[in-house]
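Novice: Okay, so here is entry_39.txt, and as you'll see once you scroll down, it has compact mmCIF, C-alpha atoms.
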```
# COMPACT_ATOMS: atom_id res chain seq x y z
CA MET G 67 -1.64 -2.41 -6.27
CA THR G 68 -4.38 0.19 -6.36
CA ASP G 69 -1.85 2.73 -7.61
CA ILE G 70 -2.43 1.55 -11.20
CA SER G 71 -3.29 4.49 -13.39
CA ASN G 72 -6.81 5.27 -14.54
CA ALA G 73 -5.79 4.36 -18.09
CA GLN G 74 -4.50 0.99 -16.89
CA LEU G 75 -7.71 0.42 -14.94
CA MET G 76 -9.70 1.06 -18.11
CA GLU G 77 -7.60 -1.57 -19.87
CA ARG G 78 -8.41 -4.05 -17.11
CA LEU G 79 -12.11 -3.25 -17.33
CA LYS G 80 -12.22 -3.68 -21.10
CA ALA G 81 -10.39 -7.01 -20.83
CA ALA G 82 -12.73 -8.20 -18.07
CA THR G 83 -15.88 -7.37 -20.01
CA GLU G 84 -14.42 -8.95 -23.15
CA ASN G 85 -13.73 -12.14 -21.18
CA VAL G 86 -17.32 -12.25 -19.96
CA SER G 87 -18.69 -11.60 -23.45
CA ALA G 88 -16.53 -14.33 -24.96
CA LYS G 89 -17.78 -16.90 -22.45
CA LEU G 90 -21.42 -15.99 -23.04
CA GLY G 91 -21.24 -16.67 -26.77
CA GLY G 92 -22.21 -20.34 -26.62
CA LEU G 93 -24.57 -20.13 -23.65
CA SER G 94 -27.93 -21.92 -24.11
CA ASP G 95 -31.24 -21.41 -22.34
CA ALA G 96 -30.60 -24.62 -20.39
CA ASP G 97 -27.17 -23.34 -19.32
CA VAL G 98 -28.81 -20.24 -17.85
CA LEU G 99 -30.86 -22.38 -15.46
CA ALA G 100 -27.86 -24.28 -14.06
CA PRO G 101 -27.12 -23.73 -10.35
CA THR G 102 -23.95 -22.00 -9.15
CA GLU G 103 -22.02 -22.17 -5.89
CA LEU G 104 -23.73 -18.96 -4.76
CA GLU G 105 -26.58 -20.06 -2.51
CA GLY G 106 -29.94 -19.80 -4.26
CA TRP G 107 -28.46 -18.38 -7.45
CA THR G 108 -28.55 -19.93 -10.91
CA ARG G 109 -26.36 -18.73 -13.74
CA GLY G 110 -29.30 -16.56 -14.68
CA HIS G 111 -29.10 -14.77 -11.34
CA VAL G 112 -25.38 -14.11 -11.84
CA LEU G 113 -25.99 -12.89 -15.39
CA ALA G 114 -28.78 -10.60 -14.23
CA HIS G 115 -26.49 -9.23 -11.53
CA ILE G 116 -23.66 -8.61 -14.02
CA ALA G 117 -26.02 -6.61 -16.21
CA HIS G 118 -27.58 -4.77 -13.28
CA VAL G 119 -24.27 -3.77 -11.69
CA SER G 120 -23.01 -2.56 -15.09
CA HIS G 121 -25.91 -0.15 -15.36
CA ALA G 122 -25.53 0.82 -11.69
CA VAL G 123 -21.86 1.80 -12.09
CA ALA G 124 -22.65 3.66 -15.31
CA ARG G 125 -25.39 5.56 -13.49
CA GLN G 126 -23.00 6.56 -10.71
CA VAL G 127 -20.60 8.01 -13.28
CA GLU G 128 -23.26 9.76 -15.34
CA TYR G 129 -24.69 11.52 -12.29
CA ALA G 130 -21.24 12.33 -10.88
CA VAL G 131 -20.31 14.18 -14.08
CA ARG G 132 -23.45 16.29 -13.60
CA GLY G 133 -22.47 17.02 -10.01
CA GLU G 134 -25.19 14.80 -8.54
CA LEU G 135 -25.28 11.76 -6.26
CA ILE G 136 -27.68 8.87 -6.71
CA GLU G 137 -28.22 5.52 -5.00
CA PHE G 138 -25.98 2.77 -6.33
CA TYR G 139 -28.99 0.54 -7.04
CA ASP G 140 -32.33 2.04 -8.00
CA GLY G 141 -34.51 1.22 -5.01
CA GLY G 142 -31.59 0.22 -2.78
CA GLN G 143 -31.21 -3.35 -1.54
CA GLY G 144 -34.83 -4.19 -2.29
CA GLY G 145 -34.57 -2.84 -5.80
CA ARG G 146 -31.40 -4.83 -6.40
CA THR G 147 -32.97 -8.09 -5.26
CA GLN G 148 -36.16 -7.51 -7.23
CA ALA G 149 -34.30 -6.67 -10.44
CA ILE G 150 -32.14 -9.80 -10.21
CA GLU G 151 -35.11 -12.08 -9.53
CA MET G 152 -37.16 -10.54 -12.33
CA ASN G 153 -34.37 -10.96 -14.89
CA ALA G 154 -32.81 -14.27 -13.79
CA GLY G 155 -35.22 -16.35 -15.89
CA HIS G 156 -34.55 -14.56 -19.17
CA THR G 157 -33.40 -16.50 -22.20
CA ALA G 158 -29.71 -16.73 -22.98
CA GLN G 159 -30.13 -14.26 -25.83
CA GLU G 160 -31.93 -11.77 -23.61
CA HIS G 161 -29.16 -11.99 -21.03
CA LYS G 162 -26.50 -11.45 -23.70
CA GLU G 163 -28.27 -8.38 -25.08
CA TYR G 164 -28.85 -6.81 -21.66
CA ILE G 165 -25.26 -7.45 -20.59
CA SER G 166 -23.89 -6.10 -23.86
CA ALA G 167 -25.92 -2.91 -23.41
CA GLY G 168 -24.63 -2.58 -19.84
CA PHE G 169 -21.03 -3.06 -20.93
CA THR G 170 -21.37 -0.43 -23.65
CA ARG G 171 -22.98 2.04 -21.25
CA VAL G 172 -20.46 1.72 -18.42
CA LEU G 173 -17.34 1.64 -20.60
CA THR G 174 -18.55 4.66 -22.58
CA ALA G 175 -19.22 6.59 -19.38
CA LEU G 176 -15.80 5.80 -17.91
CA ASP G 177 -13.82 6.16 -21.14
CA GLY G 178 -14.93 9.75 -21.55
CA LEU G 179 -13.59 10.96 -18.19
CA ASP G 180 -10.63 13.25 -17.69
CA ASP G 181 -8.27 12.79 -14.73
CA GLU G 182 -10.18 15.17 -12.48
CA GLN G 183 -13.50 13.46 -13.16
CA TRP G 184 -12.16 10.12 -11.92
CA ASN G 185 -12.11 11.77 -8.49
CA LEU G 186 -15.68 13.07 -8.56
CA PRO G 187 -17.75 11.91 -5.57
CA ILE G 188 -20.29 9.08 -5.92
CA SER G 189 -22.70 7.59 -3.40
CA TYR G 190 -21.13 4.11 -3.57
CA ARG G 191 -19.43 3.80 -0.17
CA ASN G 192 -19.14 7.58 -0.13
CA GLY G 193 -16.25 7.20 -2.55
CA VAL G 194 -15.23 8.60 -5.90
CA VAL G 195 -15.66 7.42 -9.49
CA ARG G 196 -12.40 5.47 -9.33
CA ASP G 197 -13.74 3.46 -6.39
CA GLY G 198 -16.76 2.53 -8.47
CA ALA G 199 -14.53 1.46 -11.36
CA LEU G 200 -12.42 -0.72 -9.06
CA ALA G 201 -15.60 -2.29 -7.68
CA TYR G 202 -16.73 -3.01 -11.23
CA TRP G 203 -13.42 -4.75 -11.98
CA ARG G 204 -13.92 -6.96 -8.93
CA GLU G 205 -17.47 -7.76 -9.93
CA MET G 206 -16.64 -8.73 -13.50
CA VAL G 207 -13.66 -10.96 -12.68
CA ILE G 208 -15.16 -12.69 -9.65
CA HIS G 209 -18.61 -13.24 -11.15
CA LEU G 210 -17.13 -14.65 -14.34
CA ALA G 211 -15.61 -17.33 -12.12
CA ASP G 212 -19.04 -17.84 -10.49
CA LEU G 213 -20.52 -18.68 -13.90
CA GLN G 214 -18.28 -21.79 -14.06
CA LEU G 215 -17.64 -21.43 -17.77
CA GLY G 216 -13.94 -22.28 -17.78
CA ARG G 217 -12.45 -19.19 -16.15
CA GLY G 218 -12.18 -19.93 -12.45
CA PRO G 219 -10.03 -18.23 -9.81
CA GLU G 220 -6.97 -20.11 -11.08
CA THR G 221 -7.03 -17.77 -14.10
CA TRP G 222 -6.90 -14.58 -12.01
CA SER G 223 -3.79 -12.51 -12.58
CA LYS G 224 -1.32 -11.97 -9.74
CA GLU G 225 -2.19 -8.28 -9.95
CA PHE G 226 -5.89 -8.97 -9.44
CA ALA G 227 -5.31 -11.53 -6.68
CA LEU G 228 -3.12 -9.09 -4.73
CA TYR G 229 -5.75 -6.39 -5.13
CA VAL G 230 -8.51 -8.69 -3.88
CA ILE G 231 -6.44 -9.60 -0.83
CA GLU G 232 -5.84 -5.91 -0.12
CA PHE G 233 -9.51 -5.06 -0.53
CA LEU G 234 -10.80 -7.95 1.58
CA THR G 235 -8.54 -7.45 4.59
CA SER G 236 -11.65 -6.25 6.44
CA ARG G 237 -13.01 -9.82 6.34
CA VAL G 238 -10.32 -10.93 8.81
CA PRO G 239 -11.83 -11.26 12.34
CA ALA G 240 -10.53 -8.76 14.90
CA ASP G 241 -8.86 -11.44 17.04
CA ILE G 242 -6.88 -12.97 14.16
CA GLN G 243 -3.76 -12.00 12.26
CA LEU G 244 -3.25 -13.86 9.00
CA LYS G 245 0.27 -14.56 7.83
CA LEU G 246 -0.18 -15.23 4.13
CA LEU G 247 2.50 -17.30 2.45
CA PRO G 248 1.74 -17.28 -1.28
CA LEU G 249 3.95 -19.73 -3.13
CA GLY G 250 6.80 -17.99 -4.94
CA LEU G 251 5.90 -14.56 -3.54
CA PRO G 252 6.89 -12.57 -0.44
CA PRO G 253 4.83 -13.20 2.72
CA MET G 254 2.07 -10.79 3.68
CA THR G 255 0.37 -10.03 6.97
CA VAL G 256 -3.27 -8.95 7.16
CA GLY G 257 -5.29 -8.30 10.28
CA ALA G 258 -4.04 -7.23 13.68
CA GLY G 259 -5.39 -9.83 16.11
CA GLU G 260 -3.43 -11.67 18.80
CA ASN G 261 -4.00 -15.13 17.30
CA THR G 262 -1.78 -15.78 14.28
CA VAL G 263 -2.82 -18.22 11.58
CA SER G 264 -0.43 -18.96 8.72
CA ILE G 265 -1.96 -19.77 5.35
CA GLN G 266 0.16 -21.18 2.56
CA GLY G 267 -0.87 -21.75 -1.04
CA MET G 268 -1.19 -20.33 -4.51
CA ILE G 269 -1.92 -16.61 -4.57
CA THR G 270 -5.13 -17.25 -6.54
CA ASP G 271 -6.35 -19.77 -3.96
CA ILE G 272 -5.72 -17.31 -1.14
CA ALA G 273 -7.61 -14.58 -3.00
CA ALA G 274 -10.48 -16.95 -3.86
CA TRP G 275 -10.84 -18.02 -0.22
CA LEU G 276 -10.90 -14.42 0.99
CA ALA G 277 -13.52 -13.70 -1.67
CA GLY G 278 -15.71 -16.54 -0.39
CA ARG G 279 -15.09 -18.68 -3.46
CA THR G 280 -13.76 -22.23 -3.77
CA PRO G 281 -9.94 -22.24 -4.12
CA SER G 282 -9.69 -24.04 -7.45
CA MET G 283 -6.08 -25.23 -7.11
CA GLY G 284 -6.64 -26.96 -3.76
CA SER G 285 -3.35 -25.64 -2.43
CA LEU G 286 -4.30 -23.97 0.85
CA ARG G 287 -2.80 -25.14 4.15
CA ALA G 288 -3.46 -23.41 7.47
CA GLU G 289 -1.33 -23.63 10.62
CA ALA G 290 -1.50 -22.11 14.09
CA ALA G 291 1.19 -22.70 16.72
CA ALA G 292 2.85 -25.22 14.35
CA ASP G 293 -0.32 -27.36 14.12
CA SER G 294 -2.57 -27.83 11.11
CA VAL G 295 -5.90 -26.08 11.59
CA GLN G 296 -9.06 -25.33 9.65
CA LEU G 297 -9.20 -22.13 7.64
CA PRO G 298 -10.67 -19.37 9.84
CA THR G 299 -14.27 -18.26 9.40
CA LEU G 300 -14.26 -14.85 7.75
CA LEU G 301 -16.44 -11.83 8.38
CA PRO G 302 -19.06 -10.80 5.78
CA TRP G 303 -18.11 -9.30 2.45
CA PRO G 304 -17.55 -5.53 2.86
CA SER G 305 -20.46 -4.55 0.67
CA ALA G 306 -22.84 -1.64 0.95
CA PHE G 307 -25.59 -4.22 1.49
CA ASN G 308 -23.45 -7.22 2.62
CA ALA G 309 -24.56 -8.69 -0.68
CA LYS G 310 -22.98 -11.19 -3.06
```
Written as structure tokens, how would this file's structure read?

Specialist:
Amino acid sequence: MTDISNAQLMERLKAATENVSAKLGGLSDADVLAPTELEGWTRGHVLAHIAHVSHAVARQVEYAVRGELIEFYDGGQGGRTQAIEMNAGHTAQEHKEYISAGFTRVLTALDGLDDEQWNLPISYRNGVVRDGALAYWREMVIHLADLQLGRGPETWSKEFALYVIEFLTSRVPADIQLKLLPLGLPPMTVGAGENTVSIQGMITDIAAWLAGRTPSMGSLRAEAAADSVQLPTLLPWPSAFNAK
């Protein structure tokens, strides 16, 4: 899945940011204050994070082109938390303007790269620019679902769902092997533990569960040794800061 070309990835990024922008159009100040399923976060927190991560990815690219490395978030984990808290209470219009500026900055930075520059090193997970772009795709699609504005996990493409599953394999506990049985698609096995748990359901529900989000189609069924069981408890998100 991650063998999509850089040009195709840019198309996905532009579509993802356009989807976010479209959903923000009718947002009111009251809407910004509404809670989300992310513990302790309102929509304003999610919006502030979307803007902040946009500028963070852009900054990674801008410094990489100059042959320099810089922290993903200015001030590290503490800086990230402070920036989100400071901006969460902004008006809907302020959020829209800050996010729009972030989208313009990051897409401009990425759109101007040649093939070699996509492989320039960045500090994010000691990866390269392409890794940062993939992370940005994840952030935009998943956090749009977190905003609960009519584009939940059920709208994720098969391509994106398969990518999320691939990326989040590290959340599977060491003693478990998951046999994933997405409806209408070939089975997949993730994890290498001795205890096998089979999980059947829509591909988007499987991806949402692995991403720590509510499976919006309600299709998941888990079995172990031919008995119905609860879905396994997953390990933390593989983030630089174990953050949302």

Novice: Between G:Pro302, G:Gly250, G:Phe226, G:Phe233, which one has atoms that come closest to Thr270 of chain G, using all atoms listed in the file?

Specialist: G:Phe226

Novice: Each residue of segment 169-258 of chain G with at least one atom at most 9 Å from segment 87-99 of chain G should appear once, together with its nearest atom pair and the corresponding distance in Å (one decimal); atoms considered: only C-alpha atoms; ordering: chain, then increasing residue number; output as CSV.

Specialist:
```
residue,atom,partner,partner_atom,distance
G:Leu210,CA,G:Lys89,CA,8.4
G:Leu215,CA,G:Lys89,CA,6.5
G:Gly216,CA,G:Lys89,CA,8.1
G:Arg217,CA,G:Lys89,CA,8.6
```

Novice: So, with all atoms listed in the file as the atoms that count, which of G:Ala199, G:Ala130, G:Ile269, G:Leu249 lies closest to Lys224 of chain G?

Specialist: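 Among G:Ala199, G:Ala130, G:Ile269, G:Leu249, it is G:Ile269 that comes nearest to Lys224 of chain G.
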
Novice: Quick one, how far is atom CA of Leu286 of chain G from atom CA of Gln266 of chain G?

Specialist: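 Rounded to one decimal, the two atoms are 5.5 Å apart.
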
Novice: Please indicate the distance in Å from atom CA of Ala82 of chain G to atom CA of Val207 of chain G, rounded to one decimal place.

Specialist: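 Answer for the atom CA of Ala82 of chain G to atom CA of Val207 of chain G separation: 6.1 Å.
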